[in-house]
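K.L.:
Sending over a structure as structure tokens; questions will come in a sec.
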Amino acid sequence: MRRRGAYGAKTAAAAVLGLATFVASPEHIFKDPASIFTSGVIMAQAQVKKPETEGMFTQSQLLSMIDILGGPTSRATHPIKANNAYSSATNCLKIWQVLRIVSGPKPAASSNNRAIYDRAVDLLGAGDRDAAIVSLSAALNDSLEKTEKLAPKSKSDFGDRATAFEKMLRQIDAGANADKEKLYSGLRPARGSITALIRVFEGAPVATTARTQDAPTTSEAIPIVVPPMHDLGPIILVDSGKKDSVVTINGQPPAAFLTLFSSQEDAQGAVNAIASAYATRANHPNDQDAHRTAAQRLHTALSRVPDSREVWQSPNFQAAMRALQAGDLDSGLRELLNDPRFNAAMNDLSNLYVISVSQRAVSVMRAGLTIRYEFDQNLQAFEEFRRGTKKGVFQPQVIWLALALEYSYYVMNGQLSQLRPVQGASGELGLERVGGRPLRGSGHRLGITPQIAVGTSFWGQPTEIILHATAGYDQSKIQATIQNENGTTERLSTGGQGMFIGLIGTEVRFRGKEGDINTVRVENIGGGIVPTGILDRDATPRANPLGYITFSGNWAESNKLTLRTLLTPQYSYFLEEHRAGAQLKPVDLTMQAHPDWTLYGGPSFRYEYNINGKVSTYDVGASLGLRYKRKGALELGTGYVFEKGGDESQRIPSTVYGSVNLTLNLPELFMREPATKRKMEATPKKTTTATTTAGTASAGTSTKTKGGESK
């Protein structure tokens, strides 16, 4: 009787303490009034009896579960045979408790947990602790998937296991992608089931019709395939460090020039300077910096005319020299043509050859290597927020860094023109084309692009902001062979080499919440500039801005397949010309071909119209990517690009192109896995469907009993 009285007193005291706790937090009363009494009873029981293990199950219950997992899957008590959500959740909690014991520090010999630890390592790992952890993780993955397949409608289906089961789910969900602790590293395959079960506690029942084609018991949800930044396509801007056309004069200088100068070398220099001046006017009509450079060069060449020559007495020649010295190219050339003595020499320039080069080129072949470094905890938190398991605002965090190296072999068009300077009736300057032909040049480019990605949220939606900039080394050449009047041939060439600056920009990705399908939304917004001419003091700097926005239609999303359509309108102002167009990816597919391998890619169509030049650009291509776990990915691309309309010499070459890029995630790539785990993962796995289950213990892996028999 005294014992009953003591027990009753302790129960009453605990109940009062529980009541006081809920009074201090009155919101609990409205959520769960019955929890006032339950809390008191639990506290009373805790004071009366100390549990055998640190968890909700006793030592004998956990040892029994270990024995079941080590036996055949045909047993009626095996976790894959559970026939209701309550039983399956109970199995999950037991396995979870054993897994925490085994993955933690080895318990002391006097601890109740030591027997559990020893039994699990012995029976499930054949004496190897890492192998036991793999088996327990696989068994828990199967049990979680089994629970999902039982299609619970609400938390009440889990009975008094609901609170503990939800806590376990959220704890695993928060750490399953970190890959830093043995406790969580093997639970990533259950991420899809965990997400579905968490939604049950949030009021969304597990669908019973959408899982008719379930993944194998060892299949995980499609890993996050980090989409590459919006590809501007194979067309690039050849760096405009120095893009004045190279000009040469055919054969010997005219006889009239030889009489003006004291040497043939000076006469040839003057002819070349005049040719460069006219070429500058032809190729850069609005570039005043280029005009000043050409004017100063011509002034220097004409200054070598001896003072004794009569031409110095000509008012037109004197005016021309003053204008050229001041950088006024047009006025200087006009005065030279008006000078009767110099005009005769100018009229003899009928063999002026100019090579014009288009600043737009096509990367025929691109090969790249991208090195990524992911900040596991930050990236996991961001993806957890994206999956909806976290609410509210996501504070900005750096989630990954990348360094992209790319080599490009490109081709470009050019034009060889034979010109003759003329002056119109009203005094205007001009060039009369008397011959020419198209040319084709090529170049090599090696670029490096550092990238940094920040995860944050806008209006409660997960958002990824990527900052990137490209720079590198560029070398190009275009050449032609001409025939001189005396029958000899001469090879003309132009090109350049040096540093270049590519796209500097930002891309903002609106990742969207997981499950946000059958909707059309803004996928990303990006833009930037492609600076040209800033590395050459003689060239005119241009920003060349661009901007784009991608809309996506998300038609399917499951553990094995995502399907969407992407449309990206784009505008650019390149080389002082307005361009507008769009890229369409009608089928952008991501598919899990194997638990470790993910395929992604699809066809694409791009159209762009040069509003100023009246040129249409067409690009038809396709891409295919293969990703292995989170370690890396290989991406292949090909296509055909061509242009119609406008000046043929300023179009890009029509050509087939291709690309290959290898992405490596350094932390994942060099992460060592236990040998036992690698061996067990290599074992073929059995599969399950919505109506049959096979291969656990679990999950198709082999475990051994003390006697060495495979189970």
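Identifiers in the structure tokens: chain A, B, ... in order shown; residue index from 1 per chain; ligand index from 1 in order shown.
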Can you tell me, as a list in words, what residues are no more than 9 Å from range 321-325 of chain A when counting only C-alpha atoms, ignoring any on the same chain fewer than 3 positions away?
P.N.:
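Near range 321-325 of chain A, the qualifying residues are Arg292, Ala294, Ala295, Gln296, Arg297, Leu298, His299, Thr300, Leu302, Ser303, Asn316, Phe317, Gln318, Asp328, Leu329, Asp330, Ser331, Gly332, Leu333, Glu335 and Leu336 of chain A.
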K.L.:
Those selected residues, please, written with C-alpha atoms and delivered as a PDB file, in the first residue's frame.
P.N.:
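As written to disk, out-v9.pdb reads:
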```
ATOM      1  CA  ARG A 292      42.599  60.018 -85.202  1.00  0.00           C
ATOM      2  CA  ALA A 294      44.966  56.740 -88.913  1.00  0.00           C
ATOM      3  CA  ALA A 295      45.320  60.514 -89.380  1.00  0.00           C
ATOM      4  CA  GLN A 296      48.412  60.684 -87.179  1.00  0.00           C
ATOM      5  CA  ARG A 297      49.975  57.735 -89.015  1.00  0.00           C
ATOM      6  CA  LEU A 298      49.384  59.383 -92.396  1.00  0.00           C
ATOM      7  CA  HIS A 299      50.753  62.718 -91.128  1.00  0.00           C
ATOM      8  CA  THR A 300      53.961  60.966 -90.025  1.00  0.00           C
ATOM      9  CA  LEU A 302      53.793  62.433 -95.442  1.00  0.00           C
ATOM     10  CA  SER A 303      56.174  64.378 -93.226  1.00  0.00           C
ATOM     11  CA  ASN A 316      45.770  72.123-100.225  1.00  0.00           C
ATOM     12  CA  PHE A 317      48.720  70.018 -99.096  1.00  0.00           C
ATOM     13  CA  GLN A 318      49.447  72.417 -96.244  1.00  0.00           C
ATOM     14  CA  ASP A 328      40.771  65.177 -88.726  1.00  0.00           C
ATOM     15  CA  LEU A 329      41.072  62.280 -91.159  1.00  0.00           C
ATOM     16  CA  ASP A 330      38.228  63.196 -93.523  1.00  0.00           C
ATOM     17  CA  SER A 331      39.396  66.777 -94.015  1.00  0.00           C
ATOM     18  CA  GLY A 332      42.977  65.663 -94.528  1.00  0.00           C
ATOM     19  CA  LEU A 333      42.098  63.115 -97.232  1.00  0.00           C
ATOM     20  CA  GLU A 335      42.520  68.236 -99.158  1.00  0.00           C
ATOM     21  CA  LEU A 336      44.970  65.683-100.588  1.00  0.00           C
TER      22      LEU A 336
END
```
K.L.:
Measuring atom to atom with only C-alpha atoms, identify which of A:Val238, A:Leu503, A:Ala543, A:Leu634 is nearest to Ser442 in chain A.
P.N.:
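Using only C-alpha atoms, Ser442 in chain A sits closest to A:Val238.
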K.L.:
Mind pulling up the distance from CA of Ala196 in chain A to CA of Val393 in chain A?
P.N.:
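Rounded to one decimal, the two atoms are 22.3 Å apart.
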K.L.:
Quick one: residues within 7 Å of Met499 in chain A, only C-alpha atoms counted, chain neighbours fewer than 6 positions away excluded, as a short mmCIF file (atom, residue, chain, number, x, y, z; two decimals) with N, CA and C atoms, in the first residue's frame?
P.N.:
```cif
data_model
loop_
_atom_site.label_atom_id
_atom_site.label_comp_id
_atom_site.auth_asym_id
_atom_site.auth_seq_id
_atom_site.Cartn_x
_atom_site.Cartn_y
_atom_site.Cartn_z
N GLY A 472 40.70 35.52 -70.70
CA GLY A 472 41.62 34.51 -71.21
C GLY A 472 42.50 35.05 -72.31
N TYR A 473 43.00 34.12 -73.13
CA TYR A 473 43.94 34.44 -74.20
C TYR A 473 43.34 34.05 -75.53
N ASP A 474 43.53 34.90 -76.54
CA ASP A 474 42.90 34.71 -77.84
C ASP A 474 43.94 34.93 -78.94
#
```
K.L.:
Can you measure CA of Lys560 in chain A to CA of Arg188 in chain A for me? One decimal in Å is fine.
P.N.:
14.5 Å
K.L.:
For range 266-268 of chain A, list every protein, DNA or RNA residue within 7 Å, evaluated using only C-alpha atoms, and leave out those in the same chain fewer than 5 positions away; present the list as a PyMOL selection string.
P.N.:
chain A and resi 253+257-258+261+304
K.L.:
Please list as a PyMOL selection string every residue within 10 Å of range 360-366 of chain A, counting only C-alpha atoms and excluding residues in the same chain fewer than 5 positions away.
P.N.:
chain A and resi 233-239+406-413+441-446+574-575+636-642+650-661
K.L.:
Rank nothing, just name the residue among A:Gly436, A:Gly368, A:Pro603, A:Pro545 nearest to Ser356 in chain A, using only C-alpha atoms.
P.N.:
A:Gly436
K.L.:
Which value, in Å to one decimal, gives the distance between CA of Phe394 in chain A and CA of Ile198 in chain A?
P.N.:
19.7 Å
K.L.:
Fewer than 3 positions away in the same chain doesn't count, so skip those; otherwise give me all residues within 8 Å of Ala204 in chain A, counting only C-alpha atoms, as a PyMOL selection string.
P.N.:
chain A and resi 153-154+199-201
K.L.:
Please provide the set of residues having any atom within 12 Å of Gln583 in chain A, restricted to only C-alpha atoms, with same-chain residues fewer than 2 positions apart removed, written as a PyMOL selection string.
P.N.:
chain A and resi 230-233+548-552+565-571+580-581+585-586+603-608+617-622
K.L.:
Go ahead and write the selection's residues with N, CA, C and O atoms as a compact mmCIF listing (two decimals), in the first residue's frame.
P.N.:
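Output below, filename selection34.txt:
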```txt
# COMPACT_ATOMS: atom_id res chain seq x y z
N HIS A 230 22.84 29.80 -68.54
CA HIS A 230 22.27 29.94 -69.88
C HIS A 230 23.40 30.05 -70.90
O HIS A 230 24.28 30.90 -70.79
N ASP A 231 23.38 29.16 -71.87
CA ASP A 231 24.41 29.13 -72.90
C ASP A 231 24.06 30.14 -73.99
O ASP A 231 22.98 30.09 -74.57
N LEU A 232 24.99 31.05 -74.28
CA LEU A 232 24.75 32.05 -75.31
C LEU A 232 24.91 31.47 -76.71
O LEU A 232 24.74 32.18 -77.70
N GLY A 233 25.23 30.18 -76.78
CA GLY A 233 25.36 29.55 -78.08
C GLY A 233 26.79 29.56 -78.57
O GLY A 233 27.71 30.04 -77.91
N TYR A 548 18.46 38.34 -70.73
CA TYR A 548 17.58 37.24 -71.11
C TYR A 548 16.72 36.85 -69.91
O TYR A 548 17.02 37.17 -68.76
N ILE A 549 15.63 36.17 -70.21
CA ILE A 549 14.73 35.64 -69.18
C ILE A 549 14.21 34.29 -69.67
O ILE A 549 13.87 34.14 -70.84
N THR A 550 14.20 33.31 -68.79
CA THR A 550 13.77 31.96 -69.15
C THR A 550 12.46 31.62 -68.47
O THR A 550 12.34 31.75 -67.25
N PHE A 551 11.49 31.17 -69.26
CA PHE A 551 10.22 30.69 -68.75
C PHE A 551 10.21 29.17 -68.87
O PHE A 551 10.69 28.61 -69.86
N SER A 552 9.67 28.50 -67.87
CA SER A 552 9.63 27.04 -67.89
C SER A 552 8.22 26.54 -67.67
O SER A 552 7.46 27.09 -66.87
N THR A 565 9.58 22.29 -70.39
CA THR A 565 9.86 23.05 -71.61
C THR A 565 10.42 24.41 -71.21
O THR A 565 9.92 25.04 -70.27
N LEU A 566 11.46 24.84 -71.91
CA LEU A 566 12.12 26.11 -71.59
C LEU A 566 12.08 27.05 -72.78
O LEU A 566 12.37 26.65 -73.91
N LEU A 567 11.73 28.30 -72.53
CA LEU A 567 11.73 29.34 -73.57
C LEU A 567 12.50 30.54 -73.03
O LEU A 567 12.17 31.06 -71.96
N THR A 568 13.54 30.97 -73.78
CA THR A 568 14.41 32.05 -73.31
C THR A 568 14.49 33.17 -74.33
O THR A 568 15.30 33.12 -75.27
N PRO A 569 13.66 34.21 -74.21
CA PRO A 569 13.85 35.40 -75.04
C PRO A 569 15.14 36.12 -74.64
O PRO A 569 15.52 36.14 -73.47
N GLN A 570 15.80 36.74 -75.62
CA GLN A 570 17.08 37.40 -75.36
C GLN A 570 17.21 38.66 -76.22
O GLN A 570 16.77 38.69 -77.37
N TYR A 571 17.83 39.68 -75.64
CA TYR A 571 18.13 40.91 -76.38
C TYR A 571 19.59 41.27 -76.15
O TYR A 571 20.12 41.09 -75.04
N ALA A 580 17.61 40.72 -81.38
CA ALA A 580 16.56 40.15 -80.53
C ALA A 580 16.24 38.74 -81.03
O ALA A 580 16.27 38.48 -82.24
N GLY A 581 15.95 37.86 -80.10
CA GLY A 581 15.64 36.49 -80.49
C GLY A 581 15.21 35.67 -79.30
O GLY A 581 14.88 36.20 -78.22
N LYS A 585 13.69 25.17 -75.86
CA LYS A 585 13.99 23.77 -75.55
C LYS A 585 12.67 23.07 -75.31
O LYS A 585 12.13 23.10 -74.20
N PRO A 586 12.09 22.45 -76.34
CA PRO A 586 10.75 21.88 -76.19
C PRO A 586 10.70 20.73 -75.19
O PRO A 586 9.69 20.53 -74.53
N PRO A 603 16.69 18.59 -77.14
CA PRO A 603 16.96 19.43 -78.31
C PRO A 603 16.76 20.91 -77.99
O PRO A 603 16.10 21.27 -77.00
N SER A 604 17.30 21.77 -78.86
CA SER A 604 17.11 23.21 -78.68
C SER A 604 17.07 23.89 -80.05
O SER A 604 17.70 23.42 -81.01
N PHE A 605 16.34 25.00 -80.12
CA PHE A 605 16.22 25.78 -81.34
C PHE A 605 16.40 27.25 -80.96
O PHE A 605 15.76 27.74 -80.01
N ARG A 606 17.27 27.93 -81.69
CA ARG A 606 17.56 29.34 -81.38
C ARG A 606 17.40 30.18 -82.66
O ARG A 606 17.85 29.79 -83.74
N TYR A 607 16.76 31.34 -82.50
CA TYR A 607 16.61 32.29 -83.60
C TYR A 607 16.95 33.68 -83.10
O TYR A 607 16.54 34.06 -81.99
N GLU A 608 17.69 34.42 -83.92
CA GLU A 608 18.06 35.79 -83.56
C GLU A 608 18.01 36.65 -84.80
O GLU A 608 18.42 36.22 -85.89
N THR A 617 19.71 34.73 -87.76
CA THR A 617 20.60 33.65 -87.30
C THR A 617 19.76 32.47 -86.86
O THR A 617 18.81 32.62 -86.08
N TYR A 618 20.11 31.27 -87.33
CA TYR A 618 19.41 30.04 -86.99
C TYR A 618 20.40 29.07 -86.35
O TYR A 618 21.52 28.89 -86.85
N ASP A 619 19.98 28.43 -85.27
CA ASP A 619 20.84 27.49 -84.56
C ASP A 619 19.98 26.32 -84.08
O ASP A 619 19.06 26.50 -83.28
N VAL A 620 20.27 25.13 -84.61
CA VAL A 620 19.55 23.91 -84.23
C VAL A 620 20.54 22.99 -83.53
O VAL A 620 21.58 22.64 -84.11
N GLY A 621 20.26 22.61 -82.30
CA GLY A 621 21.22 21.80 -81.55
C GLY A 621 20.56 20.83 -80.59
O GLY A 621 19.34 20.76 -80.48
N ALA A 622 21.40 20.11 -79.88
CA ALA A 622 20.93 19.15 -78.87
C ALA A 622 22.06 18.93 -77.87
O ALA A 622 23.24 19.10 -78.19
```
K.L.:
Would you mind telling me which residue in A:Asp118, A:Arg437, A:Ile399, A:Ile482 lies nearest to Ile452 in chain A when using only C-alpha atoms?
P.N.:
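Of the candidates, the smallest distance to Ile452 in chain A is held by A:Ile399.
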K.L.:
May I ask which of the residues A:Ala174, A:Leu563, A:Leu584, A:Ile504 is the closest one to Gln377 in chain A, counting only C-alpha atoms?
P.N.:
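The closest residue to Gln377 in chain A is A:Ala174.
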K.L.:
Of the candidates A:Gly447, A:Gln397, A:Ala480, A:Gln461, which shows the shortest atom-to-atom distance to Gly512 in chain A, using only C-alpha atoms?
P.N.:
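Smallest distance to Gly512 in chain A is found for A:Gln461.
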